[in-house]
>>> print(open('model34.txt').read())   # compact mmCIF, C-alpha atoms
# COMPACT_ATOMS: atom_id res chain seq x y z
CA MET A 473 58.26 145.09 83.96
CA ASN A 474 61.10 146.21 86.24
CA GLU A 475 59.06 149.25 87.21
CA ILE A 476 56.18 147.02 88.31
CA LEU A 477 58.55 144.83 90.31
CA SER A 478 60.20 147.90 91.84
CA ILE A 479 56.84 149.16 93.04
CA ILE A 480 56.03 145.73 94.52
CA LEU A 481 59.46 145.36 96.14
CA LYS A 482 59.31 148.88 97.59
CA ASP A 483 57.74 147.64 100.81
CA THR A 484 58.12 143.88 100.26
CA TYR A 485 61.22 142.63 102.03
CA SER A 486 60.97 138.86 102.25
CA LEU A 487 60.77 136.12 99.66
CA THR A 488 57.67 134.72 101.34
CA SER A 489 55.96 138.11 101.23
CA LEU A 490 56.85 138.57 97.57
CA LYS A 491 55.36 135.21 96.62
CA HIS A 492 52.28 135.90 98.70
CA ARG A 493 51.75 139.40 97.30
CA LEU A 494 52.27 138.27 93.70
CA ARG A 495 49.64 135.60 94.28
CA ILE A 496 47.06 137.95 95.73
CA LEU A 497 47.79 140.54 93.05
CA GLN A 498 47.34 137.99 90.31
CA SER A 499 44.17 136.79 91.96
CA TYR A 500 42.93 140.35 92.21
CA PHE A 501 43.55 141.04 88.51
CA LEU A 502 42.06 137.74 87.36
CA LYS A 503 38.95 138.50 89.38
CA THR A 504 38.82 142.04 88.04
CA PHE A 505 39.35 141.14 84.37
CA PHE A 506 37.87 137.67 84.10
CA GLY A 507 35.81 137.19 87.24
CA GLU A 508 38.04 134.15 88.03
CA ILE A 509 39.14 133.26 91.51
CA GLU A 510 42.09 130.88 91.99
CA THR A 511 41.27 128.13 94.43
CA SER A 512 44.65 128.61 96.16
CA VAL A 513 43.81 132.24 97.03
CA ASN A 514 40.11 131.76 97.46
CA MET A 515 40.07 133.26 100.91
CA PRO A 516 39.22 136.65 102.36
CA LEU A 517 42.12 139.08 102.25
CA SER A 518 43.72 140.05 105.54
CA PRO A 519 43.60 143.72 106.55
CA GLN A 520 47.34 143.98 105.85
CA ASP A 521 46.90 142.57 102.33
CA SER A 522 43.93 144.89 101.67
CA ASN A 523 45.93 147.83 102.94
CA TRP A 524 48.86 146.86 100.72
CA LEU A 525 46.63 146.60 97.64
CA LYS A 526 45.14 149.96 98.49
CA SER A 527 48.60 151.46 98.99
CA LEU A 528 49.63 150.69 95.42
CA PRO A 529 49.36 153.80 93.17
CA SER A 530 46.68 153.98 90.46
CA SER A 531 49.38 154.20 87.79
CA PHE A 532 50.43 150.71 88.88
CA TYR A 533 47.00 149.27 88.17
CA GLN A 534 46.81 151.05 84.82
CA LYS A 535 49.74 148.97 83.57
CA PHE A 536 47.63 145.80 83.62
CA ASN A 537 44.91 144.80 81.15
CA LYS A 538 43.26 141.61 79.93
CA ASP A 539 45.86 141.07 77.23
CA ASN A 540 49.10 141.47 79.18
CA ILE A 541 48.24 140.13 82.58
CA TYR A 542 49.54 136.60 82.01
CA ASN A 543 52.68 137.86 80.30
CA ILE A 544 53.38 140.36 83.08
CA PHE A 545 53.02 137.79 85.88
CA SER A 546 55.03 135.26 83.96
CA GLY A 547 57.79 137.87 83.52
CA LEU A 548 57.54 138.93 87.18
CA GLU A 549 58.06 135.37 88.33
CA LYS A 550 61.11 135.05 86.10
CA ILE A 551 62.61 138.32 87.34
CA GLY A 552 61.71 137.40 90.92
CA THR A 553 63.84 134.28 90.69
CA ASN A 554 66.85 136.41 89.67
CA THR A 555 66.42 138.88 92.54
CA PRO A 556 69.30 138.64 95.11
CA ILE A 557 68.21 136.75 98.24
CA LEU A 558 69.94 136.97 101.61
CA THR A 559 69.05 134.18 104.01
CA MET A 560 68.80 135.55 107.52
CA HIS A 561 68.75 133.24 110.57
CA LEU A 562 67.13 134.88 113.58
CA ALA A 563 66.58 133.77 117.17
CA PHE A 564 63.06 135.24 117.29
CA GLU A 565 60.04 135.39 115.02
CA LEU A 566 59.33 138.56 113.08
CA ASN A 567 56.08 140.35 112.65
CA ASP A 568 55.32 142.58 109.66
CA THR A 569 56.61 145.68 111.38
CA THR A 570 59.92 144.21 112.51
CA LEU A 571 60.33 142.54 109.11
CA SER A 572 59.89 145.92 107.45
CA GLN A 573 62.35 147.52 109.84
CA ILE A 574 65.00 144.85 109.36
CA GLY A 575 64.37 144.67 105.59
CA ALA A 576 64.68 148.42 105.17
CA PHE A 577 67.81 148.52 107.28
CA THR A 578 69.36 145.62 105.34
CA ARG A 579 68.67 147.21 101.95
CA LYS A 580 70.07 150.49 103.18
CA THR A 581 73.13 148.85 104.75
CA PHE A 582 74.04 146.80 101.68
CA ASP A 583 72.79 149.51 99.28
CA SER A 584 70.62 147.04 97.42
CA PRO A 585 67.01 148.29 96.92
CA SER A 586 65.76 145.00 95.50
CA LEU A 587 67.37 142.71 98.10
CA LEU A 588 65.02 140.07 99.47
CA LEU A 589 65.32 138.29 102.79
CA ASP A 590 64.67 134.61 103.36
CA ILE A 591 63.91 134.53 107.08
CA LYS A 592 64.63 131.35 109.09
CA VAL A 593 64.17 131.01 112.85
CA ASP A 594 66.92 129.36 114.93
CA PRO A 595 66.48 129.84 118.70
CA ASN A 596 69.97 128.39 119.34
CA LEU A 597 71.47 131.63 118.08
CA ILE A 598 70.31 133.29 121.38
CA ALA A 599 70.42 136.78 119.82
CA GLY A 600 71.75 138.54 116.74
CA THR A 601 71.72 136.89 113.36
CA ALA A 602 73.53 134.47 111.08
CA LEU A 603 73.60 135.13 107.34
CA SER A 604 73.82 132.91 104.28
CA TRP A 605 74.87 134.56 101.04
CA LYS A 606 75.39 132.62 97.83
CA GLY A 607 75.85 129.39 99.75
CA VAL A 608 78.27 130.81 102.35
CA TYR A 609 77.14 130.78 105.99
CA ARG A 610 78.50 133.24 108.54
CA ASP A 611 77.41 133.42 112.15
CA TYR A 612 77.19 136.89 113.75
CA SER A 613 74.97 135.75 116.59
CA LEU A 614 75.53 135.84 120.33
CA ARG A 615 76.19 132.10 120.21
CA ALA A 616 79.18 132.72 117.90
CA LYS A 617 80.46 135.44 120.21
CA LEU A 618 80.17 133.08 123.17
CA GLU A 619 82.04 130.44 121.21
CA GLN A 620 84.82 132.90 120.43
CA LYS A 621 85.15 133.89 124.07
CA ARG A 622 84.61 130.38 125.34
CA GLN A 623 88.03 129.96 126.93
CA GLU A 624 87.84 133.28 128.72
CA LEU A 625 84.36 132.48 129.96
CA LEU A 626 85.48 129.08 131.21
CA GLU A 627 88.40 130.65 133.04
CA GLU A 628 86.10 133.17 134.64
CA PHE A 629 83.67 130.44 135.56
CA ARG A 630 86.44 128.38 137.15
CA LYS A 631 87.59 131.40 139.10
CA PHE A 632 84.04 131.85 140.25
CA LEU A 633 83.85 128.20 141.31
CA ARG A 634 87.05 128.55 143.36
CA MET B 1236 190.85 28.96 5.13
CA PRO B 1237 192.38 25.56 5.40
CA ASN B 1238 190.24 22.78 6.83
CA LEU B 1239 191.25 21.32 10.18
CA PRO B 1240 191.44 17.55 10.61
CA LEU B 1241 188.90 17.75 13.41
CA ASP B 1242 185.69 19.54 13.68
CA PRO B 1243 186.15 22.53 16.13
CA THR B 1244 183.04 21.63 17.98
CA ASP B 1245 184.27 18.17 18.60
CA LEU B 1246 187.57 19.54 19.61
CA VAL B 1247 186.04 21.88 22.17
CA LEU B 1248 183.86 19.13 23.47
CA THR B 1249 186.79 16.85 23.85
CA ILE B 1250 188.81 19.43 25.66
CA ALA B 1251 185.88 20.08 27.97
CA ILE B 1252 185.53 16.42 28.74
CA ILE B 1253 189.20 16.12 29.45
CA LEU B 1254 189.02 19.12 31.76
CA ALA B 1255 186.00 17.69 33.52
CA ILE B 1256 187.78 14.42 34.05
CA LEU B 1257 190.82 16.17 35.36
CA LEU B 1258 188.70 18.23 37.74
CA TYR B 1259 186.86 15.12 38.88
CA LEU B 1260 190.11 13.38 39.60
CA ARG B 1261 191.42 16.32 41.47
CA GLU B 1262 188.25 16.58 43.57
CA TYR B 1263 188.32 12.86 44.25
CA ASN B 1264 191.91 13.00 45.44
CA GLN B 1265 191.15 15.94 47.68
CA ARG B 1266 188.13 14.23 49.23
CA LYS B 1267 190.14 11.15 49.85
CA LYS B 1268 192.79 13.17 51.51
CA LEU B 1269 190.23 14.97 53.67
CA GLU B 1270 188.59 11.75 54.71
CA SER B 1271 191.88 10.31 55.78
CA GLU B 1272 192.74 13.44 57.74
CA GLY B 1273 189.29 13.43 59.36
CA ASP B 1274 189.61 9.88 60.43
CA ARG B 1275 192.97 10.56 61.87
CA PHE B 1276 191.67 13.60 63.73
CA LEU B 1277 188.70 11.67 65.10
CA ARG B 1278 190.95 8.91 66.26
CA GLU B 1279 193.13 11.39 68.07
CA ILE B 1280 190.14 12.99 69.67
CA LYS B 1281 188.78 9.66 70.74
CA GLU B 1282 192.06 8.77 72.32
CA LYS B 1283 192.25 12.07 74.11
CA GLY B 1284 188.66 11.62 75.28
CA TRP B 1285 189.35 8.26 76.77
CA GLU B 1286 192.35 9.62 78.47
CA THR B 1287 190.47 12.55 79.86
CA LEU B 1288 187.66 10.28 81.04
CA ASN B 1289 190.11 8.09 82.86
CA GLN B 1290 191.69 11.04 84.51
CA SER B 1291 188.30 12.35 85.47
CA ILE B 1292 187.24 9.10 87.02
CA LYS B 1293 190.43 9.01 88.95
CA LYS B 1294 190.01 12.53 90.14
CA SER B 1295 186.44 12.01 91.08
CA GLN B 1296 187.29 8.92 93.03
CA ALA B 1297 189.91 10.95 94.83
CA VAL B 1298 187.47 13.71 95.49
CA ILE B 1299 184.86 11.28 96.75
CA GLY B 1300 187.41 9.71 99.04
CA GLN B 1301 188.46 13.06 100.30
CA ALA B 1302 184.80 14.01 100.72
CA GLU B 1303 184.07 10.87 102.64
CA LEU B 1304 187.00 11.56 104.81
CA GLU B 1305 185.91 15.12 105.32
CA GLY B 1306 182.35 13.94 106.05
CA ILE B 1307 183.58 11.56 108.69
CA LYS B 1308 185.62 14.34 110.15
CA VAL B 1309 182.64 16.70 110.11
CA ILE B 1310 180.35 14.15 111.67
CA ALA B 1311 182.82 13.50 114.40
CA GLY B 1312 183.25 17.23 114.97
CA SER B 1313 179.55 17.74 114.83
CA GLN B 1314 178.84 15.12 117.46
CA LEU B 1315 181.38 16.70 119.68
CA GLU B 1316 179.99 20.13 119.07
CA THR B 1317 176.45 18.88 119.67
CA ALA B 1318 177.40 17.42 122.99
CA LYS B 1319 179.15 20.59 123.91
CA PHE B 1320 176.20 22.64 122.70
CA GLU B 1321 173.78 20.51 124.65
CA GLN B 1322 175.87 20.97 127.72
CA ASP B 1323 176.06 24.71 127.15
CA LEU B 1324 172.38 24.86 126.40
CA SER B 1325 171.51 22.97 129.53
CA LYS B 1326 173.68 25.25 131.53
CA GLN B 1327 172.27 28.37 129.90
CA LEU B 1328 168.74 27.02 130.28
CA SER B 1329 169.21 26.38 133.95
CA GLU B 1330 170.72 29.81 134.31
CA ALA B 1331 167.89 31.32 132.35
CA LEU B 1332 165.40 29.41 134.47
CA ASN B 1333 167.03 30.71 137.58
CA VAL B 1334 167.02 34.22 136.25
CA SER B 1335 163.39 33.85 135.18
CA LYS B 1336 162.45 32.50 138.58
CA GLN B 1337 164.15 35.39 140.27
CA THR B 1338 162.54 37.77 137.80
CA ILE B 1339 159.12 36.24 138.43
CA ILE B 1340 159.64 36.45 142.18
CA ALA B 1341 160.75 40.04 141.81
CA GLY B 1342 157.78 40.74 139.49
CA GLN B 1343 155.46 39.08 142.00
CA ASN B 1344 156.87 41.23 144.73
CA GLN B 1345 156.55 44.28 142.55
CA LEU B 1346 152.98 43.32 141.70
CA LEU B 1347 152.17 42.91 145.38
CA GLN B 1348 153.82 46.23 146.07
CA PHE B 1349 151.90 47.75 143.18
CA MET B 1350 148.65 46.30 144.46
CA GLN B 1351 149.32 47.69 147.89
CA ASP B 1352 150.17 51.06 146.38
CA LEU B 1353 147.07 50.86 144.25
CA GLN B 1354 144.92 50.08 147.27
CA LYS B 1355 146.51 52.93 149.13
CA ARG B 1356 146.05 55.29 146.24
CA SER B 1357 142.49 54.10 145.78
CA GLU B 1358 141.78 54.85 149.42
CA GLU B 1359 143.43 58.25 149.03
CA PHE B 1360 141.49 58.89 145.82
CA GLU B 1361 138.27 57.83 147.51
CA GLY B 1362 138.95 60.21 150.35
CA ALA B 1363 139.86 63.02 147.96
CA SER B 1364 136.78 62.27 145.85
CA LYS B 1365 134.57 62.37 148.91
CA LYS B 1366 136.15 65.62 149.94
CA ALA B 1367 135.89 67.08 146.41
CA GLY B 1368 132.29 65.88 146.11
CA GLN B 1369 131.44 67.45 149.40
CA GLU B 1370 133.12 70.67 148.32
CA ARG B 1371 131.29 70.62 144.98
CA ILE B 1372 127.97 69.98 146.71
CA ASN B 1373 128.72 72.84 149.08
CA GLN B 1374 129.66 75.08 146.14
CA LEU B 1375 126.52 73.99 144.29
CA PHE B 1376 124.39 74.82 147.29
CA ASP B 1377 126.16 78.17 147.63
CA ARG B 1378 125.62 78.89 143.92
CA VAL B 1379 121.97 77.83 144.06
CA GLU B 1380 121.51 79.99 147.11
CA GLN B 1381 123.23 82.91 145.37
CA ARG B 1382 121.17 82.45 142.21
CA LEU B 1383 117.98 82.09 144.18
CA SER B 1384 118.85 85.25 146.01
CA ASP B 1385 119.64 87.04 142.72
CA PHE B 1386 116.43 85.71 141.20
CA MET B 1387 114.46 86.92 144.17
CA VAL B 1388 116.07 90.35 143.97
CA GLN B 1389 115.52 90.47 140.19
CA THR B 1390 111.91 89.36 140.58
CA ALA B 1391 111.40 91.97 143.25
CA GLN B 1392 112.91 94.64 140.99
CA GLN B 1393 110.82 93.49 138.03
CA THR B 1394 107.72 93.43 140.16
CA THR B 1395 108.52 96.90 141.44
CA SER B 1396 109.15 98.26 137.95
CA SER B 1397 106.01 96.52 136.69
CA ILE B 1398 103.98 98.03 139.53
CA GLU B 1399 105.57 101.41 138.79
CA LEU B 1400 104.66 101.07 135.11
CA GLU B 1401 101.14 100.05 136.06
CA LEU B 1402 100.93 103.01 138.39
CA LYS B 1403 102.25 105.32 135.68
CA SER B 1404 99.80 103.91 133.19
CA THR B 1405 96.98 104.23 135.69
CA ARG B 1406 98.02 107.80 136.48
CA GLN B 1407 98.07 108.60 132.78
CA LEU B 1408 94.69 106.97 132.41
CA ILE B 1409 93.38 108.99 135.33
CA ASP B 1410 94.90 112.17 133.88
CA THR B 1411 93.38 111.42 130.49
CA TYR B 1412 90.07 110.63 132.13
CA LYS B 1413 90.37 113.77 134.21
CA SER B 1414 91.14 115.94 131.18
CA GLU B 1415 88.37 114.26 129.21
CA GLN B 1416 85.97 114.80 132.07
CA LEU B 1417 87.12 118.40 132.45
CA LYS B 1418 86.65 118.87 128.73
CA LEU B 1419 83.22 117.32 129.01
CA ILE B 1420 82.45 119.54 132.01
CA ASP B 1421 83.66 122.55 130.04
CA GLU B 1422 81.41 121.52 127.17
CA ASN B 1423 78.55 121.11 129.59
CA ILE B 1424 79.32 124.44 131.21
CA VAL B 1425 79.29 126.14 127.82
CA ALA B 1426 76.11 124.31 126.84
CA MET B 1427 74.51 125.23 130.16
CA MET B 1428 75.68 128.79 129.75
CA GLU B 1429 74.30 128.96 126.23
CA LYS B 1430 71.04 127.39 127.35
CA THR B 1431 70.78 129.70 130.34
CA LEU B 1432 71.62 132.71 128.24
CA SER B 1433 69.14 131.74 125.59
CA ILE B 1434 66.41 131.28 128.20
CA VAL B 1435 67.32 134.37 130.19
CA LEU B 1436 68.05 136.60 127.22
CA ALA B 1437 64.93 135.47 125.39
CA LYS B 1438 63.00 136.78 128.39
CA LYS B 1439 65.20 139.69 129.24
CA LEU B 1440 66.07 141.02 125.81
CA SER B 1441 63.47 143.33 124.42
CA LEU B 1442 62.52 143.37 120.77
CA LYS B 1443 64.41 146.61 120.45
CA ASP B 1444 67.53 144.97 121.88
CA GLN B 1445 67.14 142.03 119.52
CA LEU B 1446 66.80 144.41 116.59
CA GLU B 1447 69.84 146.38 117.76
CA LEU B 1448 71.90 143.18 117.83
CA VAL B 1449 70.66 142.27 114.32
CA TYR B 1450 71.57 145.72 113.02
CA GLU B 1451 74.96 145.43 114.63
CA ALA B 1452 75.48 142.05 112.95
CA LEU B 1453 74.43 143.46 109.57
CA GLU B 1454 76.84 146.34 109.91
CA LYS B 1455 79.61 143.92 110.79
CA ALA B 1456 78.76 141.87 107.70
CA LYS B 1457 78.93 145.05 105.65
CA VAL B 1458 82.37 145.87 107.09
CA GLU B 1459 83.53 142.37 106.30
CA LYS B 1460 82.03 142.76 102.80
CA PHE B 1461 80.20 139.49 103.27
CA VAL B 1462 77.28 140.58 101.07
CA VAL B 1463 78.54 142.04 97.80
>>> encode(input="model34.txt", output="structure tokens")
Amino acid sequence: MNEILSIILKDTYSLTSLKHRLRILQSYFLKTFFGEIETSVNMPLSPQDSNWLKSLPSSFYQKFNKDNIYNIFSGLEKIGTNTPILTMHLAFELNDTTLSQIGAFTRKTFDSPSLLLDIKVDPNLIAGTALSWKGVYRDYSLRAKLEQKRQELLEEFRKFLR
Amino acid sequence: MPNLPLDPTDLVLTIAIILAILLYLREYNQRKKLESEGDRFLREIKEKGWETLNQSIKKSQAVIGQAELEGIKVIAGSQLETAKFEQDLSKQLSEALNVSKQTIIAGQNQLLQFMQDLQKRSEEFEGASKKAGQERINQLFDRVEQRLSDFMVQTAQQTTSSIELELKSTRQLIDTYKSEQLKLIDENIVAMMEKTLSIVLAKKLSLKDQLELVYEALEKAKVEKFVV
């Protein structure tokens, strides 16, 4: 089970992506084994999703069969809820590439291969990021830096006005 | 035992009777004697009484005569004394009347003198009262003037201090307002700066720069051991 999740999480960095990929994977297997298509994923796969499915090794697919598919997905969902999640507030929106870059860097930085990011956009941060970990919020953005140097900036501004 | 010619009881009785008779006779004789002595004594007393009464009457008649004589003498003396007393009294009365008249005249004169003095003193008192009243009025006016002046000075001082307090309060209010406004301006400056930076940097910062700043933040979080 953990091996399956490890393969999925290898290039899945956000909570949204994980949920999305589990859904399309489940849909794919249901269609393959039972010819069923879930109404919620009854849509053509995007090129990125197709590429991701294709990128998965054949050994990964061999772990699934008609008998264990429901148990595996049920177990994956349970494990997925226990995976550590770091909420990251950003001033800009991420695309898949930047998400991968930031996700990989984060996992490497905190030495946590299964770490998932919950990305939230907050333009007020100006630049940088603010993080929430286990309910604790810490601002590392440019806005926080400006706030720290507020007095100095005001002094400089006053000097400029004079 | 030989028998007596008489019975002893009769003998005793006889002797007793004889004794009783003898005693009776003796008592009778004594009473007779006493009666005769008493009569004699009463007769003597009676005689003495009569004699004493006669002497008393005589003496009383003498006393009465003497008393009458003395009374006549006293009356005569009394009439003489009364006449003399009346004469003396008349004389003393006339003297007393004279003295009283003189005293009254003197008292009248003194009263007149007193009245004149009183009038004089009254005039003097009136003058002094007028003068004192005038002085008191003058003093009162002076005091009122002084108090009015003090009051005016005090009022002026109070007004000045009140104005100063008002000015101080107003200055404080202005300072507070100024500081509040400056604080507000500072807030606005910071907000404007943040807004400007966010607009400018959003355009100026490249994706690479944004990523660099995110990486920098993540490394800082790692140093601070924020994510464990």
>>> atom_distance(input="model34.txt", atom1="CA of Leu1448 (chain B)", atom2="CA of Ile557 (chain A)")
20.9 Å
>>> interface_residues(input="model34.txt", of="chain B", to="chain A", cutoff="9 Å", atoms="only C-alpha atoms", output="mmCIF file with C-alpha atoms, keeping the file's coordinate frame")
data_model
loop_
_atom_site.group_PDB
_atom_site.id
_atom_site.type_symbol
_atom_site.label_atom_id
_atom_site.label_comp_id
_atom_site.auth_asym_id
_atom_site.auth_seq_id
_atom_site.Cartn_x
_atom_site.Cartn_y
_atom_site.Cartn_z
ATOM 1 C CA ASP B 1421 83.660 122.550 130.040
ATOM 2 C CA ILE B 1424 79.320 124.440 131.210
ATOM 3 C CA VAL B 1425 79.290 126.140 127.820
ATOM 4 C CA GLU B 1429 74.300 128.960 126.230
ATOM 5 C CA LYS B 1430 71.040 127.390 127.350
ATOM 6 C CA LEU B 1432 71.620 132.710 128.240
ATOM 7 C CA SER B 1433 69.140 131.740 125.590
ATOM 8 C CA ILE B 1434 66.410 131.280 128.200
ATOM 9 C CA LEU B 1436 68.050 136.600 127.220
ATOM 10 C CA ALA B 1437 64.930 135.470 125.390
ATOM 11 C CA LEU B 1440 66.070 141.020 125.810
ATOM 12 C CA LEU B 1442 62.520 143.370 120.770
ATOM 13 C CA ASP B 1444 67.530 144.970 121.880
ATOM 14 C CA GLN B 1445 67.140 142.030 119.520
ATOM 15 C CA LEU B 1446 66.800 144.410 116.590
ATOM 16 C CA GLU B 1447 69.840 146.380 117.760
ATOM 17 C CA LEU B 1448 71.900 143.180 117.830
ATOM 18 C CA VAL B 1449 70.660 142.270 114.320
ATOM 19 C CA TYR B 1450 71.570 145.720 113.020
ATOM 20 C CA GLU B 1451 74.960 145.430 114.630
ATOM 21 C CA ALA B 1452 75.480 142.050 112.950
ATOM 22 C CA LEU B 1453 74.430 143.460 109.570
ATOM 23 C CA GLU B 1454 76.840 146.340 109.910
ATOM 24 C CA LYS B 1455 79.610 143.920 110.790
ATOM 25 C CA ALA B 1456 78.760 141.870 107.700
ATOM 26 C CA LYS B 1457 78.930 145.050 105.650
ATOM 27 C CA PHE B 1461 80.200 139.490 103.270
ATOM 28 C CA VAL B 1462 77.280 140.580 101.070
ATOM 29 C CA VAL B 1463 78.540 142.040 97.800
#
>>> atom_distance(input="model34.txt", atom1="CA of Ile591 (chain A)", atom2="CA of Gly607 (chain A)")
14.9 Å
>>> closest_residue(input="model34.txt", among="A:Gly575, A:Tyr542, A:Thr559, A:Thr484", to="Asp590 (chain A)", atoms="all atoms listed in the file")
A:Thr559
>>> residues_near_point(input="model34.txt", point="(59.6, 134.4, 98.8)", cutoff="10 Å", atoms="only C-alpha atoms", output="PDB file with C-alpha atoms, in the coordinates of the input")
ATOM      1  CA  THR A 484      58.120 143.880 100.260  1.00  0.00           C
ATOM      2  CA  TYR A 485      61.220 142.630 102.030  1.00  0.00           C
ATOM      3  CA  SER A 486      60.970 138.860 102.250  1.00  0.00           C
ATOM      4  CA  LEU A 487      60.770 136.120  99.660  1.00  0.00           C
ATOM      5  CA  THR A 488      57.670 134.720 101.340  1.00  0.00           C
ATOM      6  CA  SER A 489      55.960 138.110 101.230  1.00  0.00           C
ATOM      7  CA  LEU A 490      56.850 138.570  97.570  1.00  0.00           C
ATOM      8  CA  LYS A 491      55.360 135.210  96.620  1.00  0.00           C
ATOM      9  CA  HIS A 492      52.280 135.900  98.700  1.00  0.00           C
ATOM     10  CA  ARG A 493      51.750 139.400  97.300  1.00  0.00           C
ATOM     11  CA  LEU A 494      52.270 138.270  93.700  1.00  0.00           C
ATOM     12  CA  GLY A 552      61.710 137.400  90.920  1.00  0.00           C
ATOM     13  CA  THR A 553      63.840 134.280  90.690  1.00  0.00           C
ATOM     14  CA  ILE A 557      68.210 136.750  98.240  1.00  0.00           C
ATOM     15  CA  LEU A 588      65.020 140.070  99.470  1.00  0.00           C
ATOM     16  CA  LEU A 589      65.320 138.290 102.790  1.00  0.00           C
ATOM     17  CA  ASP A 590      64.670 134.610 103.360  1.00  0.00           C
ATOM     18  CA  ILE A 591      63.910 134.530 107.080  1.00  0.00           C
TER      19      ILE A 591
END
>>> axis_aligned_box(input="model34.txt", around="region 1267-1270 of chain B", padding_each_side="6 Å", output="lines of an AutoDock Vina configuration file")
center_x = 190.7
center_y = 13.1
center_z = 52.3
size_x = 16.2
size_y = 15.8
size_z = 16.9
>>> residues_around(input="model34.txt", residues="region 519-536 of chain A", least_positions_apart="5", cutoff="8 Å", atoms="only C-alpha atoms", output="PyMOL selection string")
chain A and resi 476+479+493+497+501+541+544
>>> build_atoms(input="model34.txt", residues="region 589-601 of chain A", atoms="N, CA and C atoms", output="short mmCIF file (atom, residue, chain, number, x, y, z; two decimals), in the coordinates of the input")
data_model
loop_
_atom_site.label_atom_id
_atom_site.label_comp_id
_atom_site.auth_asym_id
_atom_site.auth_seq_id
_atom_site.Cartn_x
_atom_site.Cartn_y
_atom_site.Cartn_z
N LEU A 589 64.83 139.10 101.67
CA LEU A 589 65.32 138.29 102.79
C LEU A 589 64.55 136.97 102.83
N ASP A 590 65.31 135.91 103.12
CA ASP A 590 64.67 134.61 103.36
C ASP A 590 64.86 134.33 104.85
N ILE A 591 63.80 134.58 105.62
CA ILE A 591 63.91 134.53 107.08
C ILE A 591 63.76 133.09 107.58
N LYS A 592 64.73 132.67 108.45
CA LYS A 592 64.63 131.35 109.09
C LYS A 592 64.86 131.55 110.58
N VAL A 593 64.07 130.84 111.39
CA VAL A 593 64.17 131.01 112.85
C VAL A 593 65.04 129.89 113.43
N ASP A 594 66.03 130.32 114.24
CA ASP A 594 66.92 129.36 114.93
C ASP A 594 67.15 129.86 116.35
N PRO A 595 66.37 129.34 117.32
CA PRO A 595 66.48 129.84 118.70
C PRO A 595 67.86 129.60 119.31
N ASN A 596 68.64 128.67 118.79
CA ASN A 596 69.97 128.39 119.34
C ASN A 596 70.94 129.56 119.17
N LEU A 597 70.57 130.48 118.31
CA LEU A 597 71.47 131.63 118.08
C LEU A 597 71.50 132.59 119.28
N ILE A 598 70.49 132.46 120.17
CA ILE A 598 70.31 133.29 121.38
C ILE A 598 69.89 134.72 121.02
N ALA A 599 70.74 135.42 120.29
CA ALA A 599 70.42 136.78 119.82
C ALA A 599 71.29 137.10 118.62
N GLY A 600 70.98 138.20 117.93
CA GLY A 600 71.75 138.54 116.74
C GLY A 600 71.26 137.74 115.54
N THR A 601 72.15 137.61 114.57
CA THR A 601 71.72 136.89 113.36
C THR A 601 72.90 136.13 112.73
#
